[in-house]
file upload.txt (compact mmCIF, C-alpha atoms and all ligand atoms)
# COMPACT_ATOMS: atom_id res chain seq x y z
CA MET A 1 -4.24 30.75 -17.84
CA LYS A 2 -3.08 27.19 -17.47
CA ASN A 3 -4.40 24.71 -14.93
CA ILE A 4 -1.99 23.21 -12.42
CA LEU A 5 -2.94 20.26 -10.22
CA ILE A 6 -0.80 19.93 -7.10
CA VAL A 7 -1.13 16.37 -5.84
CA GLY A 8 -0.04 16.14 -2.21
CA GLY A 9 -0.17 19.94 -2.08
CA ALA A 10 -1.36 20.15 1.53
CA GLY A 11 2.04 19.13 2.89
CA TYR A 12 5.22 20.97 3.86
CA VAL A 13 6.56 21.41 0.33
CA GLY A 14 3.09 21.80 -1.15
CA GLY A 15 2.46 24.93 0.92
CA ALA A 16 5.33 26.82 -0.68
CA ILE A 17 4.61 25.54 -4.17
CA THR A 18 0.89 26.31 -4.05
CA ASP A 19 1.48 29.92 -3.00
CA LEU A 20 4.13 30.64 -5.61
CA ILE A 21 2.20 29.09 -8.49
CA GLN A 22 -0.99 30.84 -7.50
CA GLN A 23 0.77 34.20 -7.38
CA SER A 24 2.09 33.51 -10.87
CA ASN A 25 -1.14 33.61 -12.80
CA TYR A 26 -2.01 29.95 -13.02
CA ASN A 27 -5.22 28.23 -11.95
CA VAL A 28 -4.30 26.03 -9.01
CA ARG A 29 -6.08 23.00 -7.59
CA VAL A 30 -4.76 20.95 -4.67
CA TYR A 31 -5.58 17.23 -4.41
CA ASP A 32 -4.59 15.64 -1.08
CA ALA A 33 -5.72 12.92 1.33
CA LEU A 34 -4.90 15.15 4.35
CA LEU A 35 -2.99 12.51 6.26
CA TYR A 36 -1.74 15.03 8.82
CA GLU A 37 -4.46 17.69 8.90
CA ASP A 38 -8.16 17.89 9.80
CA SER A 39 -8.91 20.45 7.15
CA PHE A 40 -7.37 22.51 4.36
CA ARG A 41 -7.73 26.18 5.16
CA LYS A 42 -5.85 27.90 2.40
CA PRO A 43 -8.11 29.81 0.00
CA VAL A 44 -7.35 27.50 -2.92
CA ASP A 45 -9.54 25.09 -4.89
CA PHE A 46 -9.20 21.86 -2.89
CA ILE A 47 -10.15 18.23 -3.51
CA HIS A 48 -9.97 15.78 -0.63
CA GLY A 49 -8.84 12.59 -2.31
CA ASP A 50 -6.40 9.73 -2.28
CA VAL A 51 -4.00 9.09 -5.15
CA ARG A 52 -5.14 5.48 -5.15
CA ASP A 53 -8.72 6.56 -5.88
CA HIS A 54 -8.20 6.42 -9.63
CA ASP A 55 -11.68 7.46 -10.75
CA LYS A 56 -11.60 10.57 -8.62
CA LEU A 57 -8.08 11.56 -9.56
CA LEU A 58 -8.71 11.03 -13.26
CA GLN A 59 -11.40 13.75 -13.32
CA HIS A 60 -8.87 16.26 -12.04
CA LEU A 61 -6.05 15.08 -14.26
CA LYS A 62 -8.33 15.79 -17.23
CA TRP A 63 -8.56 19.40 -16.04
CA ALA A 64 -4.81 19.82 -15.59
CA ASP A 65 -2.24 21.12 -18.09
CA ALA A 66 0.49 20.21 -15.63
CA VAL A 67 0.69 18.07 -12.49
CA VAL A 68 3.06 18.67 -9.62
CA TRP A 69 3.30 15.31 -7.83
CA LEU A 70 4.23 15.52 -4.15
CA ALA A 71 1.94 12.91 -2.59
CA ALA A 72 3.91 10.27 -0.75
CA ILE A 73 4.64 8.75 2.60
CA VAL A 74 7.77 10.79 3.28
CA GLY A 75 10.82 9.79 5.31
CA ASP A 76 12.56 6.51 6.10
CA GLY A 77 10.85 5.86 9.43
CA ALA A 78 7.36 6.74 8.23
CA CYS A 79 7.70 4.49 5.17
CA GLN A 80 8.97 1.58 7.23
CA LEU A 81 5.78 1.49 9.34
CA ASN A 82 3.95 -0.23 6.51
CA PRO A 83 6.11 -0.97 3.46
CA ASP A 84 3.21 -2.37 1.40
CA LEU A 85 1.15 0.74 1.88
CA THR A 86 4.19 2.90 1.16
CA LYS A 87 4.76 1.05 -2.09
CA SER A 88 1.17 1.51 -3.18
CA ILE A 89 1.30 5.30 -2.58
CA ASN A 90 4.90 6.18 -3.48
CA GLN A 91 5.37 3.83 -6.39
CA ASP A 92 2.23 2.14 -7.76
CA ALA A 93 0.25 5.40 -7.88
CA VAL A 94 3.04 6.94 -10.00
CA ALA A 95 2.99 3.94 -12.36
CA TRP A 96 -0.74 4.53 -12.75
CA LEU A 97 -0.12 8.26 -13.38
CA ALA A 98 2.35 7.41 -16.16
CA ASP A 99 -0.26 5.19 -17.83
CA ASN A 100 -3.10 7.67 -17.53
CA TYR A 101 -1.73 11.17 -17.99
CA ASN A 102 0.09 12.72 -20.94
CA GLY A 103 0.48 16.32 -19.78
CA ARG A 104 3.48 17.91 -18.10
CA ILE A 105 4.62 16.23 -14.85
CA VAL A 106 6.88 17.76 -12.22
CA PHE A 107 7.82 14.96 -9.84
CA MET A 108 9.54 15.18 -6.47
CA SER A 109 12.11 12.52 -5.72
CA THR A 110 14.89 12.56 -3.17
CA CYS A 111 18.69 12.55 -2.93
CA SER A 112 18.22 9.66 -0.47
CA VAL A 113 18.33 7.43 -3.56
CA TYR A 114 22.13 7.85 -3.41
CA GLY A 115 22.38 6.17 0.01
CA ALA A 116 25.92 6.37 1.41
CA GLN A 117 28.68 7.26 -1.03
CA ASP A 118 31.91 9.21 -0.66
CA LYS A 119 32.33 11.37 -3.74
CA GLU A 120 30.17 14.25 -4.92
CA LEU A 121 27.30 12.71 -6.85
CA ASP A 122 25.62 13.88 -10.00
CA GLU A 123 22.59 12.54 -11.81
CA THR A 124 24.65 9.86 -13.58
CA SER A 125 26.10 8.46 -10.33
CA PRO A 126 25.00 5.03 -9.15
CA THR A 127 22.01 4.89 -6.83
CA LYS A 128 22.12 2.89 -3.62
CA PRO A 129 18.79 3.23 -1.80
CA LEU A 130 19.03 2.22 1.85
CA SER A 131 15.36 2.38 2.78
CA THR A 132 11.86 1.61 1.55
CA TYR A 133 11.39 5.35 1.11
CA ALA A 134 14.38 5.73 -1.21
CA GLU A 135 13.63 2.51 -3.04
CA THR A 136 10.00 3.41 -3.81
CA LYS A 137 10.99 6.90 -4.97
CA LEU A 138 13.66 5.47 -7.25
CA ASN A 139 11.18 3.01 -8.74
CA ALA A 140 8.67 5.83 -9.27
CA GLU A 141 11.31 7.79 -11.22
CA LYS A 142 11.65 4.88 -13.62
CA PHE A 143 7.94 4.89 -14.48
CA LEU A 144 8.28 8.51 -15.62
CA LYS A 145 11.28 7.93 -17.84
CA HIS A 146 9.44 8.22 -21.16
CA LYS A 147 6.93 10.88 -20.08
CA ASN A 148 6.99 14.66 -20.40
CA ALA A 149 8.33 14.68 -16.84
CA ILE A 150 11.01 16.53 -14.93
CA ILE A 151 12.18 14.81 -11.76
CA PHE A 152 13.78 16.70 -8.91
CA ARG A 153 15.96 14.79 -6.49
CA LEU A 154 15.68 17.10 -3.51
CA GLY A 155 18.20 17.52 -0.76
CA THR A 156 17.00 17.72 2.85
CA LEU A 157 14.72 20.72 3.04
CA PHE A 158 14.53 23.42 5.67
CA GLY A 159 12.75 26.67 6.43
CA VAL A 160 9.20 27.91 6.39
CA GLY A 161 7.31 27.57 3.13
CA ASP A 162 4.07 29.38 3.94
CA LEU A 163 1.84 30.49 6.78
CA TYR A 164 -0.67 27.63 6.71
CA SER A 165 1.06 24.32 6.26
CA ARG A 166 2.36 22.01 8.94
CA ILE A 167 6.03 22.55 9.59
CA ARG A 168 8.12 19.37 9.63
CA LEU A 169 10.52 18.94 12.54
CA ASP A 170 11.80 15.60 11.28
CA LEU A 171 14.24 17.54 9.08
CA VAL A 172 17.71 18.27 10.37
CA VAL A 173 17.99 22.10 10.17
CA ASN A 174 14.46 22.58 11.49
CA ILE A 175 14.80 20.25 14.47
CA LEU A 176 18.29 21.43 15.48
CA THR A 177 17.04 25.02 15.51
CA VAL A 178 13.90 24.32 17.51
CA ARG A 179 15.79 22.16 20.01
CA ALA A 180 18.44 24.85 20.35
CA TYR A 181 15.78 27.41 21.18
CA ILE A 182 13.59 25.34 23.49
CA GLU A 183 16.13 23.06 25.19
CA GLY A 184 19.35 25.08 24.93
CA SER A 185 21.32 22.00 23.90
CA ILE A 186 21.59 19.73 20.89
CA SER A 187 23.13 16.31 20.41
CA VAL A 188 25.08 15.36 17.34
CA PHE A 189 25.57 11.66 16.67
CA GLY A 190 28.69 10.89 14.68
CA GLY A 191 28.31 14.16 12.87
CA ASP A 192 30.63 13.42 9.96
CA GLN A 193 27.83 12.54 7.60
CA PHE A 194 27.02 15.02 4.84
CA ARG A 195 23.59 16.18 3.74
CA PRO A 196 22.71 18.40 0.80
CA LEU A 197 20.39 21.15 2.05
CA LEU A 198 17.82 23.33 0.30
CA HIS A 199 15.22 25.86 1.39
CA VAL A 200 11.64 24.73 0.80
CA LYS A 201 10.87 27.97 -1.07
CA ASP A 202 13.69 27.28 -3.51
CA VAL A 203 11.96 24.04 -4.45
CA ALA A 204 8.87 26.07 -5.31
CA ARG A 205 10.98 28.32 -7.57
CA ALA A 206 12.43 25.33 -9.44
CA VAL A 207 8.93 23.91 -9.94
CA LEU A 208 7.56 27.21 -11.23
CA MET A 209 10.48 27.54 -13.66
CA ASN A 210 9.64 24.19 -15.18
CA LEU A 211 5.86 24.01 -15.46
CA GLU A 212 6.07 24.84 -19.14
CA THR A 213 9.60 23.95 -20.18
CA GLU A 214 10.52 20.89 -22.15
CA HIS A 215 13.31 19.82 -19.80
CA LYS A 216 12.96 16.18 -18.93
CA GLY A 217 14.77 13.67 -16.77
CA ILE A 218 16.49 13.88 -13.42
CA TYR A 219 17.91 16.97 -11.70
CA ASN A 220 19.52 17.16 -8.28
CA LEU A 221 18.39 20.23 -6.35
CA ALA A 222 20.47 21.46 -3.42
CA ARG A 223 22.08 24.66 -2.19
CA GLN A 224 25.08 23.24 -0.35
CA ASN A 225 26.42 20.04 1.15
CA VAL A 226 26.85 20.35 4.89
CA ARG A 227 28.45 18.12 7.51
CA ILE A 228 25.96 17.65 10.34
CA SER A 229 28.61 18.63 12.95
CA ASP A 230 29.27 21.90 11.05
CA LEU A 231 25.55 22.55 10.88
CA ALA A 232 25.34 22.32 14.67
CA TYR A 233 27.97 25.08 14.96
CA GLN A 234 26.14 27.16 12.37
CA VAL A 235 22.99 26.89 14.52
CA ARG A 236 25.06 28.08 17.51
CA MET A 237 25.84 31.32 15.67
CA HIS A 238 22.14 32.10 16.25
CA PHE A 239 22.08 30.87 19.88
CA PRO A 240 25.43 31.83 21.50
CA ASP A 241 24.74 29.90 24.74
CA LEU A 242 23.92 26.69 22.94
CA VAL A 243 25.49 23.51 24.30
CA ILE A 244 26.50 21.02 21.63
CA GLU A 245 26.91 17.44 22.81
CA THR A 246 28.75 15.19 20.42
CA THR A 247 28.97 11.45 20.63
CA ASP A 248 30.87 8.98 18.47
CA MET A 249 27.94 6.66 18.57
CA PRO A 250 26.60 6.66 15.02
CA PHE A 251 22.98 7.52 14.55
CA GLN A 252 20.94 4.70 13.03
CA ASP A 253 20.41 6.82 9.89
CA THR A 254 23.36 5.76 7.77
CA ARG A 255 22.74 8.10 4.84
CA ASN A 256 25.74 10.15 3.87
CA TYR A 257 25.97 11.88 0.53
CA ARG A 258 27.06 15.06 -1.22
CA VAL A 259 25.44 16.06 -4.47
CA SER A 260 26.18 18.40 -7.32
CA ALA A 261 23.29 20.55 -8.52
CA LYS A 262 25.23 21.91 -11.52
CA LYS A 263 22.97 20.33 -14.09
CA ALA A 264 19.95 22.36 -12.90
CA GLU A 265 22.07 25.51 -13.00
CA GLU A 266 23.40 24.84 -16.48
CA VAL A 267 20.17 23.65 -18.06
CA PHE A 268 17.60 26.04 -16.60
CA GLY A 269 19.62 28.54 -14.62
CA PHE A 270 18.50 27.39 -11.19
CA ARG A 271 20.35 28.88 -8.22
CA SER A 272 19.01 28.77 -4.69
CA ILE A 273 18.43 32.17 -3.12
CA HIS A 274 17.48 31.23 0.46
CA SER A 275 20.30 30.50 2.91
CA VAL A 276 20.52 28.08 5.81
CA ASP A 277 20.85 31.08 8.16
CA GLU A 278 17.58 32.43 6.83
CA GLY A 279 15.92 29.07 7.50
CA ILE A 280 17.29 29.01 11.05
CA GLU A 281 15.89 32.51 11.70
CA GLU A 282 12.48 31.47 10.30
CA LEU A 283 12.28 28.47 12.60
CA LYS A 284 13.39 30.61 15.53
CA TYR A 285 10.56 33.00 14.74
CA LEU A 286 8.01 30.15 14.75
CA VAL A 287 8.97 29.29 18.31
CA GLU A 288 9.12 32.95 19.38
CA THR A 289 5.61 33.55 18.08
CA LYS A 290 4.34 30.33 19.72
CA ARG A 291 3.49 28.59 16.48
CA ILE A 292 5.60 25.74 17.78
CA LYS A 293 5.10 25.10 21.48
CA ASP A 294 5.86 21.45 22.02
CA LEU A 295 8.69 20.22 19.83
CA LYS A 296 7.87 16.65 20.79
CA SER A 297 4.32 16.81 19.46
CA PRO A 298 3.86 13.97 16.94
CA ARG A 299 2.17 16.48 14.68
CA TYR A 300 5.55 17.66 13.43
CA SER A 301 6.99 14.27 12.57
CA ASN A 302 5.63 12.03 9.82
CA GLN A 303 6.75 8.85 11.51
CA ALA A 304 5.52 9.75 14.99
CA TYR A 305 2.16 10.96 13.69
CA LEU A 306 1.49 7.98 11.43
CA LYS A 307 2.54 5.56 14.15
CA ASP A 308 -0.13 6.98 16.46
CA HIS A 309 -2.81 7.23 13.79
CA TYR A 310 -2.14 4.31 11.52
CA GLU A 311 -5.15 2.16 12.29
CA GLU A 312 -7.74 4.90 12.27
CA LEU A 313 -6.30 6.88 9.39
CA LEU A 314 -4.17 5.17 6.81
CA LEU A 315 -5.67 1.72 6.84
CA LYS A 316 -9.17 3.14 6.83
CA VAL A 317 -8.40 5.25 3.78
CA PHE A 318 -6.78 2.23 2.18
CA GLU A 319 -9.89 0.09 2.69
CA GLU A 320 -12.18 2.84 1.41
CA VAL A 321 -10.14 3.11 -1.76
CA GLU A 322 -10.10 -0.64 -2.26
CA ALA A 323 -13.87 -0.77 -1.84
CA ALA A 324 -14.49 2.09 -4.29
N1 LIG A 401 10.85 17.63 2.86
C1 LIG A 401 11.99 17.14 2.36
O1 LIG A 401 13.09 17.35 2.93
C2 LIG A 401 11.98 16.35 1.09
C3 LIG A 401 13.21 15.91 0.62
C4 LIG A 401 13.24 15.15 -0.54
C5 LIG A 401 12.06 14.88 -1.22
N2 LIG A 401 10.86 15.33 -0.75
C6 LIG A 401 9.66 14.97 -1.51
O2 LIG A 401 8.79 16.09 -1.59
C7 LIG A 401 7.43 15.65 -1.56
C8 LIG A 401 6.67 16.42 -0.49
O3 LIG A 401 7.28 16.19 0.78
P1 LIG A 401 6.80 16.97 2.09
O4 LIG A 401 8.02 17.26 2.88
O5 LIG A 401 5.87 18.06 1.72
O6 LIG A 401 6.00 15.82 2.85
P2 LIG A 401 4.61 15.90 3.66
O7 LIG A 401 4.51 14.61 4.38
O8 LIG A 401 4.56 17.18 4.42
O9 LIG A 401 3.52 15.99 2.51
C9 LIG A 401 3.05 14.89 1.78
C10 LIG A 401 1.61 15.17 1.41
O10 LIG A 401 1.12 14.06 0.63
C11 LIG A 401 -0.17 13.75 1.08
N3 LIG A 401 -0.44 12.34 0.80
C12 LIG A 401 0.19 11.25 1.32
N4 LIG A 401 -0.38 10.13 0.87
C13 LIG A 401 -1.37 10.50 0.01
C14 LIG A 401 -2.29 9.78 -0.74
N5 LIG A 401 -2.35 8.45 -0.71
N6 LIG A 401 -3.17 10.47 -1.53
C15 LIG A 401 -3.13 11.84 -1.55
N7 LIG A 401 -2.29 12.57 -0.81
C16 LIG A 401 -1.40 11.91 -0.04
C17 LIG A 401 -0.15 14.03 2.57
O11 LIG A 401 -1.48 14.22 3.09
C18 LIG A 401 0.70 15.28 2.64
O12 LIG A 401 -0.11 16.44 2.55
C19 LIG A 401 7.45 14.15 -1.33
O13 LIG A 401 7.23 13.49 -2.56
C20 LIG A 401 8.86 13.88 -0.82
O14 LIG A 401 9.30 12.58 -1.17
C21 LIG A 401 10.80 16.05 0.41

call {"tool": "encode", "arguments": {"input": "upload.txt", "output": "structure tokens"}}
result
Amino acid sequence: MKNILIVGGAGYVGGAITDLIQQSNYNVRVYDALLYEDSFRKPVDFIHGDVRDHDKLLQHLKWADAVVWLAAIVGDGACQLNPDLTKSINQDAVAWLADNYNGRIVFMSTCSVYGAQDKELDETSPTKPLSTYAETKLNAEKFLKHKNAIIFRLGTLFGVGDLYSRIRLDLVVNILTVRAYIEGSISVFGGDQFRPLLHVKDVARAVLMNLETEHKGIYNLARQNVRISDLAYQVRMHFPDLVIETTDMPFQDTRNYRVSAKKAEEVFGFRSIHSVDEGIEELKYLVETKRIKDLKSPRYSNQAYLKDHYEELLLKVFEEVEAA
């Protein structure tokens, strides 16, 4: 049985990946600083640690045959709160990983690196990062160029990955669904912008497929490219009384991109199996069963949570690591 270290495995994507890898006859260990949680309750070997704590992380890298690297400050707004700190976690920690680990690496990047572009983009298309988040992820990719690393540029994720992990409502399908259910109306700003979408469990499948392959380099991962205005109408199929308010006023998020995920299909046969409708139903179920009560709780948004907890949480961890 091989040993898999999931760094940043306590988050939204980590929940789905941890479960699938554990069910697949690997030894799993999660390493995470728990930025958004008080504890890690999943019955999995867990190390509470920061990726910038090199001595600690090195012990666990020595154990690992493969590393799945998810740890990051995630999202444009969250990253903008403290760009220096974002850079040290999203970028410098990956540079350190490249210098100190020679096993298999599965790294999560983002389609946000494409910024705003009109044609369908593949892995050879130019990158135009519009935010600190996209820029630090793109720089991290470059550090892994000559490693035994596969890099997934993920579309915007949706759906429920597992029963334990925090759901993120700062993702478009998830928030539109929860708003539709709780408020009965949703607002669409502009609406013409495209996003590539993918179910969080499909990410886990792509990771599992590549823990032991020799595929290297960059792969886009997405199920379909969807116009935000069309997505709003798709959500209404699940809530017939839903009111959709549209406004021409563009939202401050200027990202707009469509991607091709053909390379992943051709090289390792990846095809998503979970639909957007399935994701909408899963989110609906979370509200129905009272797992989500207050959609405005900062707990569900990286930016809102970090904004409230920055001083006590992030900077404290940062100082502890520096002092170590
Ligand atoms: N969710 C999406 O739509 C999406 C899209 C594209 C790419 N991604 C990428 O997937 C990965 C996981 O995203 P997510 O949605 O699960 O985000 P998340 O915020 O839910 O999870 C990130 C995890 O990393 C941990 N972490 C942050 N800083 C750390 C540090 N210094 N040391 C150790 N752990 C740390 C956090 O505690 C958290 O558990 C990220 O790399 C992200 O860039 C996600």

call {"tool": "residues_near_ligand", "arguments": {"input": "upload.txt", "ligand": "ligand LIG 401 (chain A)", "cutoff": "7 Å", "atoms": "only C-alpha atoms and all ligand atoms", "output": "JSON, numbers by chain"}}
result
{"A": [7, 8, 9, 10, 11, 12, 13, 14, 31, 32, 33, 34, 35, 36, 49, 50, 51, 52, 69, 70, 71, 72, 73, 74, 89, 108, 109, 110, 111, 153, 154, 155, 156, 157, 158, 166, 168, 171, 302]}

call {"tool": "residues_around", "arguments": {"input": "upload.txt", "residues": "range 281-286 of chain A", "least_positions_apart": "6", "cutoff": "7 Å", "atoms": "all atoms listed in the file", "output": "ChimeraX atom specification"}}
result
/A:159-160,174,177-178,181,292

call {"tool": "write_last_selection", "arguments": {"input": "upload.txt", "atoms": "C-alpha atoms", "output": "PDB file, keeping the file's coordinate frame"}}
result
ATOM      1  CA  GLY A 159      12.750  26.670   6.430  1.00  0.00           C
ATOM      2  CA  VAL A 160       9.200  27.910   6.390  1.00  0.00           C
ATOM      3  CA  ASN A 174      14.460  22.580  11.490  1.00  0.00           C
ATOM      4  CA  THR A 177      17.040  25.020  15.510  1.00  0.00           C
ATOM      5  CA  VAL A 178      13.900  24.320  17.510  1.00  0.00           C
ATOM      6  CA  TYR A 181      15.780  27.410  21.180  1.00  0.00           C
ATOM      7  CA  ILE A 292       5.600  25.740  17.780  1.00  0.00           C
TER       8      ILE A 292
END

call {"tool": "atom_distance", "arguments": {"input": "upload.txt", "atom1": "CA of Glu214 in chain A", "atom2": "CA of Leu121 in chain A"}}
result
24.1 Å

call {"tool": "closest_residue", "arguments": {"input": "upload.txt", "among": "A:Ser39, A:Ser187, A:Ser275, A:Gln234", "to": "Thr246 in chain A", "atoms": "all atoms listed in the file"}}
result
A:Ser187

call {"tool": "atom_distance", "arguments": {"input": "upload.txt", "atom1": "CA of Gly161 in chain A", "atom2": "CA of Leu221 in chain A"}}
result
16.3 Å

call {"tool": "residues_around", "arguments": {"input": "upload.txt", "residues": "Lys62 in chain A", "least_positions_apart": "2", "cutoff": "12 Å", "atoms": "all atoms listed in the file", "output": "list of chain:residue names"}}
result
A:Asn3, A:Ile4, A:Leu5, A:Asp55, A:Lys56, A:Leu57, A:Leu58, A:Gln59, A:His60, A:Ala64, A:Asp65, A:Ala66, A:Val67, A:Leu97, A:Asn100, A:Tyr101, A:Asn102, A:Gly103

call {"tool": "residues_around", "arguments": {"input": "upload.txt", "residues": "Lys307 in chain A", "least_positions_apart": "3", "cutoff": "9 Å", "atoms": "all atoms listed in the file", "output": "list in words"}}
result
Ala78, Leu81, Pro298, Asn302, Gln303, Ala304, Tyr310 and Glu311 of chain A

call {"tool": "write_last_selection", "arguments": {"input": "upload.txt", "atoms": "C-alpha atoms", "output": "mmCIF file, in the coordinates of the input"}}
result
data_model
loop_
_atom_site.group_PDB
_atom_site.id
_atom_site.type_symbol
_atom_site.label_atom_id
_atom_site.label_comp_id
_atom_site.auth_asym_id
_atom_site.auth_seq_id
_atom_site.Cartn_x
_atom_site.Cartn_y
_atom_site.Cartn_z
ATOM 1 C CA ALA A 78 7.360 6.740 8.230
ATOM 2 C CA LEU A 81 5.780 1.490 9.340
ATOM 3 C CA PRO A 298 3.860 13.970 16.940
ATOM 4 C CA ASN A 302 5.630 12.030 9.820
ATOM 5 C CA GLN A 303 6.750 8.850 11.510
ATOM 6 C CA ALA A 304 5.520 9.750 14.990
ATOM 7 C CA TYR A 310 -2.140 4.310 11.520
ATOM 8 C CA GLU A 311 -5.150 2.160 12.290
#

call {"tool": "residues_around", "arguments": {"input": "upload.txt", "residues": "range 85-87 of chain A", "least_positions_apart": "2", "cutoff": "8 Å", "atoms": "only C-alpha atoms", "output": "list in words"}}
result
Ala72, Ile73, Cys79, Gln80, Asn82, Pro83, Ile89, Asn90, Gln91, Asp92, Thr132, Tyr133 and Thr136 of chain A

call {"tool": "write_last_selection", "arguments": {"input": "upload.txt", "atoms": "C-alpha atoms", "output": "PDB file, in the coordinates of the input"}}
result
ATOM      1  CA  ALA A  72       3.910  10.270  -0.750  1.00  0.00           C
ATOM      2  CA  ILE A  73       4.640   8.750   2.600  1.00  0.00           C
ATOM      3  CA  CYS A  79       7.700   4.490   5.170  1.00  0.00           C
ATOM      4  CA  GLN A  80       8.970   1.580   7.230  1.00  0.00           C
ATOM      5  CA  ASN A  82       3.950  -0.230   6.510  1.00  0.00           C
ATOM      6  CA  PRO A  83       6.110  -0.970   3.460  1.00  0.00           C
ATOM      7  CA  ILE A  89       1.300   5.300  -2.580  1.00  0.00           C
ATOM      8  CA  ASN A  90       4.900   6.180  -3.480  1.00  0.00           C
ATOM      9  CA  GLN A  91       5.370   3.830  -6.390  1.00  0.00           C
ATOM     10  CA  ASP A  92       2.230   2.140  -7.760  1.00  0.00           C
ATOM     11  CA  THR A 132      11.860   1.610   1.550  1.00  0.00           C
ATOM     12  CA  TYR A 133      11.390   5.350   1.110  1.00  0.00           C
ATOM     13  CA  THR A 136      10.000   3.410  -3.810  1.00  0.00           C
TER      14      THR A 136
END

call {"tool": "atom_distance", "arguments": {"input": "upload.txt", "atom1": "CA of Ala149 in chain A", "atom2": "CA of Pro196 in chain A"}}
result
23.1 Å

call {"tool": "closest_residue", "arguments": {"input": "upload.txt", "among": "A:Leu138, A:Leu208, A:Leu176, A:Ile182", "to": "Ser229 in chain A", "atoms": "all atoms listed in the file"}}
result
A:Leu176

call {"tool": "axis_aligned_box", "arguments": {"input": "upload.txt", "around": "range 22-41 of chain A", "padding_each_side": "3 Å", "output": "lines of an AutoDock Vina configuration file"}}
result
center_x = -3.4
center_y = 23.4
center_z = -1.6
size_x = 17.0
size_y = 27.7
size_z = 28.8

call {"tool": "residues_around", "arguments": {"input": "upload.txt", "residues": "Ala95 in chain A", "least_positions_apart": "5", "cutoff": "8 Å", "atoms": "all atoms listed in the file", "output": "PDB file with C-alpha atoms, keeping the file's coordinate frame"}}
result
ATOM      1  CA  ALA A 140       8.670   5.830  -9.270  1.00  0.00           C
ATOM      2  CA  PHE A 143       7.940   4.890 -14.480  1.00  0.00           C
ATOM      3  CA  LEU A 144       8.280   8.510 -15.620  1.00  0.00           C
TER       4      LEU A 144
END

call {"tool": "closest_residue", "arguments": {"input": "upload.txt", "among": "A:Asp277, A:Asp192, A:Glu212, A:Asp99", "to": "Thr247 in chain A", "atoms": "only C-alpha atoms"}}
result
A:Asp192

call {"tool": "closest_residue", "arguments": {"input": "upload.txt", "among": "A:Gly191, A:Pro240, A:Gly77, A:Gly217", "to": "Phe107 in chain A", "atoms": "all atoms listed in the file"}}
result
A:Gly217

call {"tool": "closest_residue", "arguments": {"input": "upload.txt", "among": "A:Asn220, A:Ser185, A:Ser272, A:Ser165", "to": "Glu245 in chain A", "atoms": "all atoms listed in the file"}}
result
A:Ser185

call {"tool": "closest_residue", "arguments": {"input": "upload.txt", "among": "A:Arg205, A:Arg223, A:His146, A:Arg236", "to": "Ala180 in chain A", "atoms": "only C-alpha atoms"}}
result
A:Arg236

call {"tool": "build_atoms", "arguments": {"input": "upload.txt", "residues": "range 221-232 of chain A", "atoms": "N, CA and C atoms", "output": "PDB file, in the frame of the given file"}}
result
ATOM      1  N   LEU A 221      18.604  18.851  -6.807  1.00  0.00           N
ATOM      2  CA  LEU A 221      18.390  20.230  -6.350  1.00  0.00           C
ATOM      3  C   LEU A 221      18.910  20.363  -4.922  1.00  0.00           C
ATOM      4  N   ALA A 222      19.918  21.218  -4.757  1.00  0.00           N
ATOM      5  CA  ALA A 222      20.470  21.460  -3.420  1.00  0.00           C
ATOM      6  C   ALA A 222      21.184  22.798  -3.445  1.00  0.00           C
ATOM      7  N   ARG A 223      21.332  23.399  -2.272  1.00  0.00           N
ATOM      8  CA  ARG A 223      22.080  24.660  -2.190  1.00  0.00           C
ATOM      9  C   ARG A 223      23.535  24.377  -1.840  1.00  0.00           C
ATOM     10  N   GLN A 224      23.724  23.525  -0.806  1.00  0.00           N
ATOM     11  CA  GLN A 224      25.080  23.240  -0.350  1.00  0.00           C
ATOM     12  C   GLN A 224      25.089  21.913   0.391  1.00  0.00           C
ATOM     13  N   ASN A 225      26.255  21.286   0.404  1.00  0.00           N
ATOM     14  CA  ASN A 225      26.420  20.040   1.150  1.00  0.00           C
ATOM     15  C   ASN A 225      27.030  20.387   2.503  1.00  0.00           C
ATOM     16  N   VAL A 226      26.393  19.938   3.559  1.00  0.00           N
ATOM     17  CA  VAL A 226      26.850  20.350   4.890  1.00  0.00           C
ATOM     18  C   VAL A 226      27.064  19.126   5.772  1.00  0.00           C
ATOM     19  N   ARG A 227      28.209  19.145   6.502  1.00  0.00           N
ATOM     20  CA  ARG A 227      28.450  18.120   7.510  1.00  0.00           C
ATOM     21  C   ARG A 227      27.552  18.437   8.713  1.00  0.00           C
ATOM     22  N   ILE A 228      26.914  17.408   9.251  1.00  0.00           N
ATOM     23  CA  ILE A 228      25.960  17.650  10.340  1.00  0.00           C
ATOM     24  C   ILE A 228      26.653  18.357  11.520  1.00  0.00           C
ATOM     25  N   SER A 229      27.923  17.979  11.818  1.00  0.00           N
ATOM     26  CA  SER A 229      28.610  18.630  12.950  1.00  0.00           C
ATOM     27  C   SER A 229      28.811  20.132  12.652  1.00  0.00           C
ATOM     28  N   ASP A 230      29.109  20.486  11.396  1.00  0.00           N
ATOM     29  CA  ASP A 230      29.270  21.900  11.050  1.00  0.00           C
ATOM     30  C   ASP A 230      27.941  22.639  11.143  1.00  0.00           C
ATOM     31  N   LEU A 231      26.885  21.935  10.796  1.00  0.00           N
ATOM     32  CA  LEU A 231      25.550  22.550  10.880  1.00  0.00           C
ATOM     33  C   LEU A 231      25.225  22.914  12.333  1.00  0.00           C
ATOM     34  N   ALA A 232      25.605  22.036  13.252  1.00  0.00           N
ATOM     35  CA  ALA A 232      25.340  22.320  14.670  1.00  0.00           C
ATOM     36  C   ALA A 232      26.022  23.631  15.076  1.00  0.00           C
TER      37      ALA A 232
END
